[in-house]
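So this block is structure-v2.txt, compact mmCIF, C-alpha atoms:
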# COMPACT_ATOMS: atom_id res chain seq x y z
CA MET A 1 -6.19 14.39 -14.90
CA SER A 2 -9.87 15.38 -15.13
CA VAL A 3 -12.68 13.29 -13.73
CA LYS A 4 -13.96 12.73 -17.28
CA SER A 5 -10.62 11.31 -18.41
CA LEU A 6 -10.37 9.15 -15.29
CA LEU A 7 -13.81 7.66 -15.91
CA THR A 8 -13.12 7.19 -19.63
CA HIS A 9 -9.86 5.34 -18.99
CA SER A 10 -11.49 3.27 -16.26
CA PHE A 11 -14.25 2.15 -18.62
CA MET A 12 -11.66 1.32 -21.27
CA VAL A 13 -9.74 -0.92 -18.87
CA ALA A 14 -12.98 -2.54 -17.72
CA TRP A 15 -14.07 -3.13 -21.33
CA LYS A 16 -10.74 -4.74 -22.13
CA ASP A 17 -11.09 -7.18 -19.20
CA LEU A 18 -14.67 -8.00 -20.14
CA MET A 19 -13.71 -8.59 -23.79
CA GLU A 20 -11.07 -11.06 -22.62
CA LEU A 21 -13.75 -12.85 -20.62
CA PHE A 22 -16.16 -12.94 -23.57
CA ARG A 23 -13.46 -14.34 -25.87
CA ASN A 24 -12.74 -17.13 -23.40
CA LYS A 25 -15.69 -19.41 -24.20
CA MET A 26 -14.93 -21.87 -21.40
CA GLY A 27 -14.53 -19.09 -18.84
CA LEU A 28 -17.77 -17.46 -19.98
CA ALA A 29 -19.60 -20.79 -19.78
CA MET A 30 -18.30 -21.43 -16.26
CA LEU A 31 -19.40 -17.94 -15.26
CA VAL A 32 -22.97 -19.06 -15.95
CA VAL A 33 -22.70 -22.76 -15.06
CA MET A 34 -21.11 -22.23 -11.65
CA PRO A 35 -24.10 -20.39 -10.08
CA ILE A 36 -26.51 -22.92 -11.60
CA PHE A 37 -24.46 -25.82 -10.24
CA MET A 38 -24.13 -24.15 -6.85
CA MET A 39 -27.85 -23.48 -6.55
CA GLY A 40 -28.83 -26.96 -7.72
CA MET A 41 -26.36 -28.69 -5.44
CA VAL A 42 -27.15 -26.69 -2.32
CA GLY A 43 -30.87 -26.45 -3.01
CA PHE A 44 -31.45 -30.17 -3.39
CA ILE A 45 -28.85 -31.50 -0.93
CA PHE A 46 -29.60 -29.30 2.06
CA PRO A 47 -32.89 -30.06 3.81
CA SER A 48 -35.75 -27.68 3.15
CA SER A 49 -37.64 -28.77 6.27
CA SER A 50 -37.13 -30.65 9.50
CA SER A 51 -39.32 -33.62 8.57
CA MET A 52 -38.12 -37.15 7.91
CA GLY A 53 -38.53 -39.07 4.69
CA HIS A 54 -37.54 -42.55 3.54
CA VAL A 55 -36.12 -43.40 6.99
CA THR A 56 -35.92 -47.03 8.09
CA ILE A 57 -36.79 -47.56 11.77
CA GLY A 58 -36.25 -50.73 13.78
CA LEU A 59 -39.16 -51.34 16.18
CA ALA A 60 -38.54 -53.63 19.17
CA ASN A 61 -41.50 -54.30 21.45
CA GLU A 62 -40.07 -55.81 24.65
CA ASP A 63 -43.24 -55.17 26.62
CA GLN A 64 -44.39 -58.23 28.60
CA GLY A 65 -47.88 -56.91 29.18
CA TYR A 66 -49.76 -56.69 32.45
CA GLY A 67 -51.90 -59.63 33.35
CA SER A 68 -54.09 -61.04 30.63
CA TYR A 69 -55.96 -57.91 29.67
CA LEU A 70 -53.42 -55.11 29.14
CA ASN A 71 -50.69 -54.95 26.55
CA ALA A 72 -50.06 -51.26 25.97
CA GLY A 73 -46.85 -51.99 24.06
CA SER A 74 -48.67 -53.94 21.34
CA ALA A 75 -51.29 -51.20 21.09
CA LEU A 76 -48.58 -48.57 20.71
CA ALA A 77 -46.76 -50.65 18.07
CA ALA A 78 -50.02 -51.06 16.15
CA GLY A 79 -50.57 -47.31 16.36
CA LEU A 80 -47.10 -46.65 14.95
CA GLU A 81 -47.78 -49.02 12.07
CA GLU A 82 -51.02 -47.19 11.33
CA ILE A 83 -49.33 -43.79 11.42
CA ASN A 84 -46.55 -45.10 9.20
CA ASN A 85 -49.03 -46.42 6.65
CA SER A 86 -50.83 -43.08 6.50
CA THR A 87 -47.79 -40.75 6.37
CA GLY A 88 -45.11 -42.88 4.69
CA GLN A 89 -42.34 -40.95 6.45
CA ILE A 90 -40.71 -44.07 7.88
CA THR A 91 -40.35 -47.74 7.04
CA ILE A 92 -40.69 -49.99 10.08
CA THR A 93 -38.50 -53.08 10.46
CA HIS A 94 -39.22 -55.33 13.43
CA ALA A 95 -36.52 -56.32 15.90
CA SER A 96 -36.54 -58.38 19.07
CA SER A 97 -34.55 -56.26 21.50
CA LEU A 98 -32.56 -53.08 22.13
CA SER A 99 -29.28 -54.88 21.43
CA GLU A 100 -30.56 -56.08 18.06
CA VAL A 101 -31.65 -52.54 17.16
CA GLN A 102 -28.20 -51.20 18.07
CA ASP A 103 -26.53 -53.94 16.04
CA MET A 104 -28.73 -53.18 13.01
CA ILE A 105 -27.82 -49.48 13.22
CA GLN A 106 -24.11 -50.31 13.40
CA ARG A 107 -24.44 -52.55 10.33
CA GLY A 108 -26.26 -49.79 8.44
CA ALA A 109 -29.43 -51.88 8.06
CA ILE A 110 -31.63 -49.20 9.67
CA ASP A 111 -31.37 -45.46 10.35
CA GLY A 112 -32.70 -45.54 13.90
CA GLY A 113 -34.82 -47.50 16.33
CA ILE A 114 -37.72 -47.42 18.77
CA VAL A 115 -37.71 -49.74 21.78
CA ILE A 116 -40.78 -50.23 23.99
CA SER A 117 -39.53 -51.21 27.47
CA ARG A 118 -40.26 -54.53 29.16
CA ASN A 119 -42.35 -52.97 31.95
CA PHE A 120 -44.24 -50.58 29.68
CA SER A 121 -47.71 -51.99 30.39
CA SER A 122 -47.10 -52.59 34.11
CA SER A 123 -45.83 -49.02 34.56
CA ILE A 124 -48.92 -47.57 32.93
CA ALA A 125 -51.21 -49.89 34.93
CA SER A 126 -49.61 -48.74 38.20
CA GLY A 127 -49.93 -45.06 37.32
CA LYS A 128 -46.33 -44.54 36.24
CA GLN A 129 -44.86 -43.38 32.96
CA GLY A 130 -44.15 -46.01 30.32
CA THR A 131 -40.61 -45.83 28.92
CA ILE A 132 -39.95 -45.60 25.18
CA ILE A 133 -36.33 -45.51 23.97
CA VAL A 134 -35.47 -43.74 20.72
CA VAL A 135 -32.15 -45.05 19.38
CA THR A 136 -30.30 -42.82 16.91
CA ASP A 137 -27.28 -43.14 14.63
CA GLU A 138 -24.55 -40.89 16.07
CA THR A 139 -22.58 -40.97 12.81
CA ASN A 140 -25.27 -38.69 11.32
CA PRO A 141 -25.82 -35.93 13.91
CA GLN A 142 -28.22 -33.89 11.80
CA MET A 143 -30.49 -36.83 11.01
CA SER A 144 -30.27 -37.97 14.64
CA SER A 145 -31.45 -34.56 15.82
CA VAL A 146 -34.35 -34.51 13.36
CA MET A 147 -35.36 -38.05 14.31
CA ARG A 148 -35.12 -37.35 18.03
CA THR A 149 -37.33 -34.27 17.70
CA SER A 150 -39.85 -35.90 15.36
CA MET A 151 -40.22 -39.06 17.47
CA THR A 152 -40.54 -37.07 20.69
CA ASN A 153 -43.31 -34.93 19.20
CA LEU A 154 -45.04 -38.02 17.83
CA PHE A 155 -45.08 -39.82 21.17
CA GLN A 156 -46.20 -36.67 22.95
CA GLN A 157 -49.18 -36.47 20.61
CA ILE A 158 -50.01 -40.15 21.16
CA GLY A 159 -49.58 -39.72 24.92
CA THR A 160 -51.88 -36.70 24.92
CA GLN A 161 -54.55 -38.68 23.11
CA VAL A 162 -54.27 -41.56 25.59
CA ALA A 163 -54.43 -39.11 28.51
CA ARG A 164 -57.60 -37.54 27.10
CA GLN A 165 -59.23 -40.96 26.90
CA ASN A 166 -58.21 -41.70 30.50
CA VAL A 167 -59.62 -38.38 31.72
CA GLU A 168 -62.91 -38.98 29.94
CA TRP A 169 -63.09 -42.51 31.38
CA LEU A 170 -62.27 -41.45 34.94
CA SER A 171 -64.47 -38.35 34.82
CA PRO A 172 -67.58 -38.97 32.73
CA ASP A 173 -68.72 -35.41 33.36
CA VAL A 174 -65.71 -34.07 31.42
CA ASN A 175 -66.58 -33.86 27.75
CA ALA A 176 -64.18 -34.38 24.85
CA SER A 177 -63.55 -30.69 24.29
CA ASN A 178 -62.57 -30.06 27.92
CA SER A 179 -60.40 -33.18 28.33
CA LEU A 180 -57.66 -31.66 26.17
CA ALA A 181 -57.44 -28.63 28.47
CA VAL A 182 -56.97 -30.98 31.43
CA VAL A 183 -54.01 -32.93 30.01
CA ALA A 184 -52.50 -30.07 27.97
CA PRO A 185 -53.46 -26.74 29.51
CA TYR A 186 -51.15 -24.67 27.30
CA ASN A 187 -51.76 -24.00 23.62
CA VAL A 188 -48.44 -22.85 22.18
CA GLN A 189 -48.57 -21.17 18.78
CA THR A 190 -45.62 -19.88 16.75
CA GLU A 191 -45.66 -16.97 14.37
CA GLY A 192 -42.90 -15.46 12.29
CA ALA A 193 -42.02 -11.79 12.06
CA VAL A 194 -43.14 -11.91 8.42
CA ALA A 195 -46.25 -13.71 7.18
CA GLY A 196 -45.74 -16.67 4.86
CA ASN A 197 -44.21 -20.12 4.72
CA PHE A 198 -40.42 -20.21 4.79
CA ASN A 199 -37.95 -23.05 4.45
CA TYR A 200 -34.23 -23.49 4.87
CA PHE A 201 -33.51 -22.25 1.36
CA ASP A 202 -35.01 -18.84 2.16
CA PHE A 203 -32.16 -18.59 4.68
CA MET A 204 -29.60 -19.97 2.22
CA ALA A 205 -30.39 -17.98 -0.94
CA PRO A 206 -29.24 -14.50 0.25
CA GLY A 207 -26.03 -15.94 1.68
CA LEU A 208 -25.38 -17.85 -1.54
CA MET A 209 -25.81 -14.67 -3.56
CA ALA A 210 -23.29 -12.81 -1.41
CA MET A 211 -20.89 -15.78 -1.44
CA THR A 212 -21.09 -16.21 -5.22
CA VAL A 213 -20.37 -12.52 -5.75
CA MET A 214 -17.36 -12.82 -3.44
CA MET A 215 -16.08 -15.93 -5.24
CA SER A 216 -16.54 -14.29 -8.65
CA VAL A 217 -14.49 -11.28 -7.60
CA MET A 218 -11.80 -13.17 -5.70
CA THR A 219 -11.26 -15.78 -8.41
CA GLY A 220 -11.29 -13.20 -11.21
CA LEU A 221 -8.68 -10.87 -9.73
CA PRO A 222 -5.70 -13.28 -10.01
CA ALA A 223 -6.32 -13.52 -13.75
CA ALA A 224 -7.00 -9.79 -14.05
CA ILE A 225 -3.79 -8.73 -12.29
CA SER A 226 -1.29 -11.54 -11.69
CA HIS A 227 -1.78 -13.25 -15.05
CA GLU A 228 -1.55 -9.99 -16.98
CA ARG A 229 1.60 -9.11 -15.07
CA GLU A 230 3.12 -12.48 -16.03
CA VAL A 231 2.35 -12.15 -19.74
CA GLY A 232 3.37 -8.47 -19.84
CA THR A 233 0.05 -6.84 -20.82
CA LEU A 234 -0.20 -5.06 -17.47
CA ASP A 235 3.16 -3.36 -18.12
CA GLY A 236 1.68 -1.97 -21.31
CA MET A 237 -1.11 -0.33 -19.38
CA MET A 238 1.37 1.03 -16.84
CA VAL A 239 3.33 2.90 -19.51
CA ALA A 240 0.18 4.18 -21.20
CA PRO A 241 -0.84 7.79 -20.49
CA ILE A 242 -3.51 6.82 -17.96
CA ASN A 243 -3.72 7.22 -14.22
CA ARG A 244 -2.97 4.24 -11.99
CA LEU A 245 -6.30 4.86 -10.26
CA ALA A 246 -8.03 4.41 -13.61
CA VAL A 247 -6.46 0.93 -13.90
CA VAL A 248 -7.68 -0.02 -10.43
CA LEU A 249 -11.16 1.39 -11.07
CA GLY A 250 -11.35 -0.30 -14.47
CA LYS A 251 -10.53 -3.69 -13.09
CA THR A 252 -12.97 -3.06 -10.25
CA LEU A 253 -15.73 -2.30 -12.76
CA ALA A 254 -14.98 -5.47 -14.71
CA GLN A 255 -15.17 -7.62 -11.57
CA THR A 256 -18.34 -5.78 -10.56
CA ALA A 257 -19.98 -6.76 -13.84
CA ARG A 258 -18.97 -10.40 -13.30
CA GLY A 259 -20.29 -10.40 -9.75
CA LEU A 260 -23.60 -8.74 -10.63
CA LEU A 261 -24.18 -11.20 -13.47
CA GLN A 262 -23.70 -14.20 -11.20
CA GLY A 263 -25.67 -12.61 -8.36
CA THR A 264 -28.58 -12.01 -10.76
CA LEU A 265 -28.48 -15.64 -11.88
CA ILE A 266 -28.64 -16.81 -8.25
CA LEU A 267 -31.61 -14.51 -7.60
CA VAL A 268 -33.54 -15.70 -10.66
CA LEU A 269 -32.82 -19.38 -10.03
CA SER A 270 -33.78 -19.18 -6.36
CA MET A 271 -37.14 -17.68 -7.32
CA ALA A 272 -37.80 -20.01 -10.27
CA LEU A 273 -36.59 -23.34 -8.89
CA PHE A 274 -37.01 -23.09 -5.12
CA GLY A 275 -39.90 -20.68 -4.68
CA VAL A 276 -37.96 -18.01 -2.81
CA THR A 277 -40.14 -14.92 -2.38
CA ILE A 278 -38.56 -11.47 -2.42
CA HIS A 279 -40.27 -9.30 0.20
CA GLY A 280 -38.02 -6.27 -0.18
CA SER A 281 -36.87 -3.92 -2.90
CA ILE A 282 -35.14 -5.45 -5.93
CA LEU A 283 -33.19 -2.22 -6.42
CA LEU A 284 -31.92 -2.41 -2.84
CA ILE A 285 -30.84 -6.02 -3.41
CA PHE A 286 -28.77 -5.00 -6.45
CA ALA A 287 -27.35 -2.08 -4.49
CA LEU A 288 -26.23 -4.50 -1.78
CA LEU A 289 -24.65 -6.80 -4.37
CA LEU A 290 -22.82 -3.80 -5.78
CA LEU A 291 -21.62 -2.84 -2.31
CA GLY A 292 -20.51 -6.41 -1.69
CA VAL A 293 -18.41 -6.36 -4.84
CA PHE A 294 -17.02 -2.98 -3.84
CA SER A 295 -15.90 -4.27 -0.44
CA PHE A 296 -14.42 -7.51 -1.81
CA VAL A 297 -12.52 -5.96 -4.73
CA GLY A 298 -10.32 -3.78 -2.53
CA VAL A 299 -9.36 -6.76 -0.38
CA GLY A 300 -8.66 -8.84 -3.49
CA ILE A 301 -6.49 -6.21 -5.16
CA VAL A 302 -4.39 -5.76 -2.01
CA LEU A 303 -3.85 -9.52 -1.63
CA THR A 304 -3.13 -10.04 -5.33
CA SER A 305 -0.66 -7.17 -5.44
CA PHE A 306 1.54 -8.87 -2.84
CA THR A 307 1.82 -12.11 -4.84
CA LYS A 308 4.32 -12.74 -7.62
CA ASP A 309 2.33 -15.06 -9.89
CA GLN A 310 -1.20 -16.21 -10.63
CA GLU A 311 -0.82 -19.57 -8.92
CA THR A 312 0.19 -17.98 -5.63
CA ALA A 313 -2.56 -15.39 -5.92
CA THR A 314 -5.15 -18.12 -6.47
CA MET A 315 -3.91 -20.04 -3.44
CA VAL A 316 -4.10 -16.91 -1.28
CA MET A 317 -7.62 -16.14 -2.49
CA THR A 318 -8.76 -19.70 -1.80
CA SER A 319 -7.26 -19.59 1.68
CA ILE A 320 -9.24 -16.42 2.40
CA MET A 321 -12.51 -17.53 0.77
CA PHE A 322 -12.78 -20.99 2.32
CA PRO A 323 -13.04 -19.97 6.00
CA MET A 324 -15.11 -16.91 5.08
CA MET A 325 -17.73 -19.16 3.46
CA PHE A 326 -18.32 -21.09 6.68
CA LEU A 327 -17.83 -18.32 9.24
CA SER A 328 -20.12 -15.72 7.65
CA GLY A 329 -23.44 -17.42 8.27
CA VAL A 330 -23.97 -18.48 4.66
CA PHE A 331 -24.67 -22.15 5.41
CA PHE A 332 -25.09 -22.20 9.19
CA PRO A 333 -26.48 -19.56 11.57
CA ILE A 334 -23.76 -17.57 13.32
CA GLN A 335 -25.65 -17.96 16.61
CA GLN A 336 -24.88 -21.71 16.59
CA MET A 337 -21.12 -21.13 16.44
CA PRO A 338 -18.81 -20.93 19.49
CA TRP A 339 -18.36 -17.43 20.88
CA PHE A 340 -14.83 -16.98 19.50
CA MET A 341 -15.99 -17.90 15.98
CA GLN A 342 -18.87 -15.46 16.32
CA ASN A 343 -16.31 -12.74 17.08
CA ILE A 344 -14.32 -13.72 13.97
CA SER A 345 -17.45 -13.62 11.82
CA GLN A 346 -18.07 -10.01 12.88
CA MET A 347 -14.81 -9.03 11.15
CA LEU A 348 -15.71 -10.53 7.75
CA PRO A 349 -17.37 -8.41 5.01
CA LEU A 350 -19.32 -11.43 3.75
CA THR A 351 -21.15 -11.57 7.09
CA TYR A 352 -22.60 -8.09 6.62
CA ALA A 353 -23.40 -8.60 2.94
CA ALA A 354 -25.26 -11.85 3.66
CA THR A 355 -27.07 -10.40 6.70
CA ALA A 356 -28.23 -7.32 4.81
CA LEU A 357 -29.45 -9.36 1.83
CA ARG A 358 -31.28 -11.73 4.19
CA LYS A 359 -33.04 -8.84 5.94
CA VAL A 360 -34.16 -7.33 2.64
CA MET A 361 -35.19 -10.56 0.92
CA VAL A 362 -36.88 -12.29 3.88
CA PHE A 363 -38.05 -9.43 6.13
CA GLY A 364 -38.65 -6.88 3.41
CA ALA A 365 -36.43 -4.44 5.31
CA GLY A 366 -35.60 -1.00 4.02
CA VAL A 367 -32.47 1.12 4.30
CA PRO A 368 -33.06 2.16 7.97
CA ALA A 369 -33.05 -1.50 9.08
CA ILE A 370 -29.69 -2.24 7.44
CA THR A 371 -27.87 0.98 8.28
CA THR A 372 -25.17 -0.85 10.25
CA GLU A 373 -24.43 -3.30 7.43
CA LEU A 374 -24.41 -0.53 4.79
CA THR A 375 -22.07 1.62 6.86
CA ILE A 376 -19.60 -1.22 7.40
CA LEU A 377 -19.61 -2.32 3.74
CA ILE A 378 -19.17 1.24 2.44
CA ALA A 379 -16.44 2.04 4.98
CA LEU A 380 -14.59 -1.20 4.26
CA GLY A 381 -14.83 -0.64 0.51
CA ILE A 382 -13.47 2.92 0.76
CA ILE A 383 -10.67 1.97 3.14
CA MET A 384 -9.55 -1.02 1.08
CA THR A 385 -9.69 0.98 -2.16
CA LEU A 386 -7.54 3.73 -0.63
CA ILE A 387 -5.07 1.04 0.46
CA ALA A 388 -5.27 -0.82 -2.86
CA VAL A 389 -4.21 2.12 -5.05
CA PRO A 390 -0.76 2.76 -3.47
CA VAL A 391 -0.18 -0.97 -2.92
CA PHE A 392 -1.00 -1.62 -6.58
CA LYS A 393 1.32 1.17 -7.71
CA ARG A 394 4.17 -0.14 -5.56
CA ALA A 395 3.61 -3.67 -6.84
CA MET A 396 3.79 -2.51 -10.44
CA THR A 397 7.15 -0.80 -9.88
CA ARG A 398 8.83 -3.92 -8.41

So, in terms of structure tokens, how does the structure I just supplied come out?
Amino acid sequence: MSVKSLLTHSFMVAWKDLMELFRNKMGLAMLVVMPIFMMGMVGFIFPSSSSMGHVTIGLANEDQGYGSYLNAGSALAAGLEEINNSTGQITITHASSLSEVQDMIQRGAIDGGIVISRNFSSSIASGKQGTIIVVTDETNPQMSSVMRTSMTNLFQQIGTQVARQNVEWLSPDVNASNSLAVVAPYNVQTEGAVAGNFNYFDFMAPGLMAMTVMMSVMTGLPAAISHEREVGTLDGMMVAPINRLAVVLGKTLAQTARGLLQGTLILVLSMALFGVTIHGSILLIFALLLLGVFSFVGVGIVLTSFTKDQETATMVMTSIMFPMMFLSGVFFPIQQMPWFMQNISQMLPLTYAATALRKVMVFGAGVPAITTELTILIALGIIMTLIAVPVFKRAMTR
């Protein structure tokens, strides 16, 4: 068979699959609604920054003061109230002790607590550090981490200001500009590899695009192969005067169109709704989406060919997709995973698709910077396609 005939037959098979999709109004609607739902859900549920908002804090001032002239705990509590009134990040509820704060957290009345120790003023008066206890809700680890970090930074800033005042009082010859260098000699500044303001969704969007393309392909193949085999339409194609490779390529093209459509929707929505800025080449992004589809389709065809019906094929696809979603760095950085999970993630095609898209979209990287990811995706796609053709042929003759 000539290359022209192979391509013609492949396009005919792809057109047939796409026409079936377009005739299925509910399926076509879900093809569009699913990316919108996914973006809206993930974009608004996952935090876009590490700041706190609408958090209720129980404040217990146990400080007994020092003599009749020093009550640093009351001054600190008043300062917290002033900061709270100006920022509105937290709502302060007063408590009498550490045990009451813990009880309020357990009852769900507050999200966390701040306890000023009994000897706070006396410790400061004697030249020691005053103790402040930040109480967190361990049932919400993420919020506990954010609160712990935010409160620590806040008290460090307040402590620095108090230290500056002490330095200026003890050493009148030290002016206000030099007192900061005495109590905080280091000025730490952070700068990203790429200029601009980035949030958590800039990390999420590329991974979501790769994941949505994978889900589109993996959920579409059971209907494209197993369902057609059940109803008998696939047998009709098998007896037609076309090459088996043309059938595989045709179904691959149809799934590619589905995946590119949903990937484009994710890209547009991330830019329009969540302010994601594309620093790299749009053409390279679409090329990566195409490569992602190419690598996923071969895997999907091989898995689907081994199943006897659509229900089993769908279960197999779900079993493969679910762990891949969480182990490929789509939602959580791979570097935060245990070492053995990091090793598993290096064997998943979604990892390389998401990493390459992230480099292009966030860093503005070109082809030389993603050579490793491109090589792996292309090699995996070719290998799985070469495996898929004979496996598909054998499955059709059973």

- Excluding same-chain residues fewer than 3 positions from A:Ile285, what lies within 8 Å of it counting only C-alpha atoms, as a ChimeraX atom specification? /A:280-282,288-289,357,360-361

- Message: What's around A:Met215 at 12 Å? Count only C-alpha atoms, leave out sequence neighbours fewer than 6 positions away in its own chain, and write the answer as JSON, numbers by chain.
- Response: {"A": [31, 34, 35, 38, 208, 209, 221, 222, 255, 256, 258, 259, 260, 262, 263, 292, 293, 296, 297, 300, 314, 317, 318, 319, 320, 321, 322, 324, 325, 350]}

Report, as lines of an AutoDock Vina configuration file, the centre and edge lengths in Å (one decimal) of the axis-aligned box enclosing every listed atom of stretch 335-341 of chain A, padded by 8 Å on each side.
center_x = -20.2
center_y = -19.3
center_z = 18.4
size_x = 26.8
size_y = 20.7
size_z = 20.9

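Here atom CA of A:Ala353 is placed at a distance of 6.1 Å from atom CA of A:Ala210.
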
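When all atoms listed in the file are used to measure the gap to A:Leu249, the shortest distance among A:Gly113, A:Gly298, A:Gly79, A:Pro141 belongs to A:Gly298.
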
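Proximity to A:Phe286 was assessed for A:Ser145, A:Ser150, A:Thr307, A:Thr264 counting only C-alpha atoms; the smallest distance is recorded for A:Thr264.
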